[in-house]
Amino acid sequence: MKHLLSLLFLLLLALLLTGLPSASSMPGHPMSDLYDHAWGYWWFGTQIAAGKLPLHTDISHGEGGSLWFIDPISALISLPLQCFLPLSCTVGLLAWIQISLSLLSAYTLNWRIGQDYGSAILGAMIFVI
């Protein structure tokens with residue numbers, strides 16, 4: 001039961017850190033590479049939907065060129081989400097999933113080492129924050 005409560009607490013903490021996914025905003029600082037990643041998720045999806053490998057773009061330097069998107073695993077995870085959600089919601093949901101999994105992994109590791117709920121939660125919080 002305590003693990004379940006810890007899990008719920010950590011999922012809520014991840015939601016607090018990322019905020020609720022919305023159609024009008026994305027989690028992150030506007031001066032970061034947030035919009036580059038959001039564009040990359042969209043571009044990756046359009047390339048896959050067109051039956052192409054997402055390795056080349058036509059919008060770079062007039063003639064196009066090779067482009068290796070930095071986060072292909074998250075882009076693949078985002079594909080089914082992009083079918084039903086706006087891109088900003090998809091980015092927010094991906095951020096929540098990634099932070100949640102990081103918290104849960106750190107909690108599990110700390111629990112295995114110390115066998116103490118409080119220190120496992122604190123260790124997970126320190127790891128993520």
# chains A, B, ... in the order shown; residues from 1 in each chain; ligands from 1

call {"tool": "residues_around", "arguments": {"residues": "A:Leu15", "least_positions_apart": "6", "cutoff": "9 Å", "atoms": "only C-alpha atoms", "output": "ChimeraX atom specification"}}
result
/A:96,99-100

call {"tool": "write_last_selection", "arguments": {"atoms": "N, CA, C and O atoms", "output": "PDB file, in the first residue's frame"}}
result
ATOM      1  N   TRP A  96       5.636  14.937 -19.166  1.00  0.00           N
ATOM      2  CA  TRP A  96       5.113  14.298 -17.957  1.00  0.00           C
ATOM      3  C   TRP A  96       5.520  12.824 -17.895  1.00  0.00           C
ATOM      4  O   TRP A  96       5.936  12.337 -16.842  1.00  0.00           O
ATOM      5  N   ILE A  99       9.365  12.615 -17.060  1.00  0.00           N
ATOM      6  CA  ILE A  99       9.664  12.959 -15.664  1.00  0.00           C
ATOM      7  C   ILE A  99       9.088  11.907 -14.724  1.00  0.00           C
ATOM      8  O   ILE A  99       9.728  11.516 -13.737  1.00  0.00           O
ATOM      9  N   SER A 100       7.888  11.408 -15.023  1.00  0.00           N
ATOM     10  CA  SER A 100       7.285  10.355 -14.198  1.00  0.00           C
ATOM     11  C   SER A 100       8.151   9.106 -14.191  1.00  0.00           C
ATOM     12  O   SER A 100       8.402   8.516 -13.129  1.00  0.00           O
TER      13      SER A 100
END

call {"tool": "residues_around", "arguments": {"residues": "stretch 54-70 of chain A", "least_positions_apart": "3", "cutoff": "9 Å", "atoms": "only C-alpha atoms", "output": "tab-separated table (two decimals) with C-alpha atoms, in the first residue's frame"}}
result
chain	number	residue	atom	x	y	z
A	37	HIS	CA	11.90	19.69	-30.21
A	40	GLY	CA	11.10	17.85	-34.64
A	41	TYR	CA	8.24	15.72	-33.31
A	43	TRP	CA	8.53	16.81	-38.76
A	44	PHE	CA	9.41	13.25	-37.74
A	45	GLY	CA	5.72	12.33	-37.82
A	46	THR	CA	5.11	13.88	-41.23
A	47	GLN	CA	8.10	12.03	-42.69
A	48	ILE	CA	6.95	8.69	-41.29
A	75	ALA	CA	9.32	11.31	-31.59

call {"tool": "select_by_dssp", "arguments": {"residues": "stretch 38-128 of chain A", "states": "helix (DSSP H, G or I)", "output": "number ranges by chain"}}
result
A: 38-49, 72-84, 87-114, 117-128

call {"tool": "closest_residue", "arguments": {"among": "A:Ala49, A:Val128, A:Leu13, A:Ile97", "to": "A:Leu79", "atoms": "only C-alpha atoms"}}
result
A:Ala49

call {"tool": "residues_around", "arguments": {"residues": "stretch 101-116 of chain A", "least_positions_apart": "4", "cutoff": "9 Å", "atoms": "only C-alpha atoms", "output": "mmCIF file with all heavy atoms, in the first residue's frame"}}
result
data_model
loop_
_atom_site.group_PDB
_atom_site.id
_atom_site.type_symbol
_atom_site.label_atom_id
_atom_site.label_comp_id
_atom_site.auth_asym_id
_atom_site.auth_seq_id
_atom_site.Cartn_x
_atom_site.Cartn_y
_atom_site.Cartn_z
ATOM 1 N N SER A 6 3.212 6.074 -2.623
ATOM 2 C CA SER A 6 4.433 6.713 -3.117
ATOM 3 C C SER A 6 4.335 6.957 -4.613
ATOM 4 O O SER A 6 4.707 8.027 -5.108
ATOM 5 C CB SER A 6 5.650 5.841 -2.816
ATOM 6 O OG SER A 6 5.790 5.633 -1.440
ATOM 7 N N LEU A 7 3.832 5.972 -5.334
ATOM 8 C CA LEU A 7 3.647 6.102 -6.778
ATOM 9 C C LEU A 7 2.712 7.254 -7.102
ATOM 10 O O LEU A 7 3.017 8.093 -7.955
ATOM 11 C CB LEU A 7 3.101 4.792 -7.346
ATOM 12 C CG LEU A 7 2.613 4.820 -8.782
ATOM 13 C CD1 LEU A 7 3.794 4.912 -9.741
ATOM 14 C CD2 LEU A 7 1.786 3.595 -9.090
ATOM 15 N N LEU A 10 4.450 10.579 -6.474
ATOM 16 C CA LEU A 10 5.455 10.904 -7.490
ATOM 17 C C LEU A 10 4.813 11.298 -8.815
ATOM 18 O O LEU A 10 5.306 12.203 -9.507
ATOM 19 C CB LEU A 10 6.419 9.735 -7.670
ATOM 20 C CG LEU A 10 7.295 9.437 -6.449
ATOM 21 C CD1 LEU A 10 8.091 8.155 -6.668
ATOM 22 C CD2 LEU A 10 8.209 10.603 -6.122
ATOM 23 N N LEU A 11 3.716 10.658 -9.189
ATOM 24 C CA LEU A 11 3.010 11.044 -10.416
ATOM 25 C C LEU A 11 2.425 12.449 -10.290
ATOM 26 O O LEU A 11 2.452 13.234 -11.245
ATOM 27 C CB LEU A 11 1.927 10.030 -10.749
ATOM 28 C CG LEU A 11 2.407 8.640 -11.155
ATOM 29 C CD1 LEU A 11 1.229 7.704 -11.358
ATOM 30 C CD2 LEU A 11 3.287 8.695 -12.389
ATOM 31 N N LEU A 13 3.671 14.776 -8.323
ATOM 32 C CA LEU A 13 4.826 15.663 -8.346
ATOM 33 C C LEU A 13 5.253 15.942 -9.791
ATOM 34 O O LEU A 13 5.556 17.085 -10.150
ATOM 35 C CB LEU A 13 5.986 15.066 -7.556
ATOM 36 C CG LEU A 13 7.289 15.861 -7.570
ATOM 37 C CD1 LEU A 13 7.101 17.237 -6.931
ATOM 38 C CD2 LEU A 13 8.395 15.085 -6.878
ATOM 39 N N ALA A 14 5.265 14.914 -10.622
ATOM 40 C CA ALA A 14 5.608 15.107 -12.033
ATOM 41 C C ALA A 14 4.610 16.037 -12.699
ATOM 42 O O ALA A 14 4.992 16.897 -13.504
ATOM 43 C CB ALA A 14 5.653 13.756 -12.745
ATOM 44 N N TRP A 96 5.636 14.937 -19.166
ATOM 45 C CA TRP A 96 5.113 14.298 -17.957
ATOM 46 C C TRP A 96 5.520 12.824 -17.895
ATOM 47 O O TRP A 96 5.936 12.337 -16.842
ATOM 48 C CB TRP A 96 3.595 14.440 -17.900
ATOM 49 C CG TRP A 96 3.009 13.793 -16.691
ATOM 50 C CD1 TRP A 96 3.007 14.293 -15.420
ATOM 51 C CD2 TRP A 96 2.392 12.516 -16.619
ATOM 52 N NE1 TRP A 96 2.399 13.393 -14.569
ATOM 53 C CE2 TRP A 96 2.012 12.295 -15.281
ATOM 54 C CE3 TRP A 96 2.102 11.532 -17.561
ATOM 55 C CZ2 TRP A 96 1.370 11.144 -14.862
ATOM 56 C CZ3 TRP A 96 1.464 10.379 -17.148
ATOM 57 C CH2 TRP A 96 1.105 10.192 -15.812
ATOM 58 N N ILE A 97 5.429 12.125 -19.013
ATOM 59 C CA ILE A 97 5.811 10.716 -19.052
ATOM 60 C C ILE A 97 7.290 10.550 -18.707
ATOM 61 O O ILE A 97 7.670 9.694 -17.901
ATOM 62 C CB ILE A 97 5.498 10.105 -20.429
ATOM 63 C CG1 ILE A 97 3.986 9.973 -20.621
ATOM 64 C CG2 ILE A 97 6.181 8.756 -20.614
ATOM 65 C CD1 ILE A 97 3.568 9.636 -22.037
ATOM 66 N N ALA A 120 13.472 6.860 -0.149
ATOM 67 C CA ALA A 120 13.284 6.547 -1.573
ATOM 68 C C ALA A 120 12.578 7.696 -2.282
ATOM 69 O O ALA A 120 12.959 8.088 -3.390
ATOM 70 C CB ALA A 120 12.497 5.254 -1.733
ATOM 71 N N ILE A 121 11.561 8.263 -1.639
ATOM 72 C CA ILE A 121 10.861 9.409 -2.228
ATOM 73 C C ILE A 121 11.777 10.625 -2.291
ATOM 74 O O ILE A 121 11.853 11.316 -3.316
ATOM 75 C CB ILE A 121 9.578 9.736 -1.423
ATOM 76 C CG1 ILE A 121 8.553 8.635 -1.645
ATOM 77 C CG2 ILE A 121 9.011 11.078 -1.831
ATOM 78 C CD1 ILE A 121 7.332 8.760 -0.768
ATOM 79 N N LEU A 122 12.508 10.888 -1.218
ATOM 80 C CA LEU A 122 13.426 12.034 -1.202
ATOM 81 C C LEU A 122 14.511 11.869 -2.264
ATOM 82 O O LEU A 122 14.833 12.820 -2.981
ATOM 83 C CB LEU A 122 14.053 12.172 0.194
ATOM 84 C CG LEU A 122 15.016 13.337 0.367
ATOM 85 C CD1 LEU A 122 14.286 14.670 0.146
ATOM 86 C CD2 LEU A 122 15.669 13.300 1.732
ATOM 87 N N GLY A 123 15.054 10.678 -2.393
ATOM 88 C CA GLY A 123 16.074 10.439 -3.416
ATOM 89 C C GLY A 123 15.534 10.645 -4.820
ATOM 90 O O GLY A 123 16.216 11.203 -5.680
ATOM 91 N N ALA A 124 14.296 10.228 -5.057
ATOM 92 C CA ALA A 124 13.689 10.437 -6.373
ATOM 93 C C ALA A 124 13.484 11.922 -6.637
ATOM 94 O O ALA A 124 13.743 12.415 -7.745
ATOM 95 C CB ALA A 124 12.358 9.688 -6.453
ATOM 96 N N MET A 125 13.027 12.652 -5.636
ATOM 97 C CA MET A 125 12.816 14.091 -5.797
ATOM 98 C C MET A 125 14.139 14.812 -6.065
ATOM 99 O O MET A 125 14.206 15.690 -6.933
ATOM 100 C CB MET A 125 12.140 14.654 -4.558
ATOM 101 C CG MET A 125 10.706 14.186 -4.388
ATOM 102 S SD MET A 125 9.978 14.611 -2.806
ATOM 103 C CE MET A 125 10.056 16.377 -2.821
ATOM 104 N N PHE A 127 16.810 13.545 -7.401
ATOM 105 C CA PHE A 127 17.270 13.140 -8.731
ATOM 106 C C PHE A 127 16.611 13.960 -9.836
ATOM 107 O O PHE A 127 17.266 14.419 -10.763
ATOM 108 C CB PHE A 127 16.986 11.649 -8.957
ATOM 109 C CG PHE A 127 17.327 11.186 -10.335
ATOM 110 C CD1 PHE A 127 18.655 11.009 -10.728
ATOM 111 C CD2 PHE A 127 16.338 10.932 -11.265
ATOM 112 C CE1 PHE A 127 18.967 10.589 -12.001
ATOM 113 C CE2 PHE A 127 16.638 10.506 -12.542
ATOM 114 C CZ PHE A 127 17.967 10.326 -12.920
ATOM 115 N N VAL A 128 15.320 14.167 -9.722
ATOM 116 C CA VAL A 128 14.581 14.861 -10.791
ATOM 117 C C VAL A 128 14.723 16.376 -10.703
ATOM 118 O O VAL A 128 14.846 17.051 -11.703
ATOM 119 C CB VAL A 128 13.102 14.434 -10.792
ATOM 120 C CG1 VAL A 128 12.279 15.312 -11.703
ATOM 121 C CG2 VAL A 128 12.993 12.996 -11.227
#

call {"tool": "select_by_dssp", "arguments": {"residues": "chain A", "states": "strand (DSSP E)", "output": "list in words"}}
result
His56, Thr57, Gly65 and Ser66 of chain A

call {"tool": "residues_around", "arguments": {"residues": "A:Ala23", "least_positions_apart": "6", "cutoff": "12 Å", "atoms": "only C-alpha atoms", "output": "PyMOL selection string"}}
result
chain A and resi 84-93

call {"tool": "residues_around", "arguments": {"residues": "A:Ser74", "least_positions_apart": "3", "cutoff": "8 Å", "atoms": "only C-alpha atoms", "output": "PyMOL selection string"}}
result
chain A and resi 41+71+77-78+94

call {"tool": "closest_residue", "arguments": {"among": "A:Gln98, A:Tyr35, A:Gln82, A:Ala50", "to": "A:Leu17", "atoms": "only C-alpha atoms"}}
result
A:Gln98

call {"tool": "closest_residue", "arguments": {"among": "A:Leu8, A:Ile126, A:Met1, A:Ala95", "to": "A:Gly28", "atoms": "only C-alpha atoms"}}
result
A:Ala95
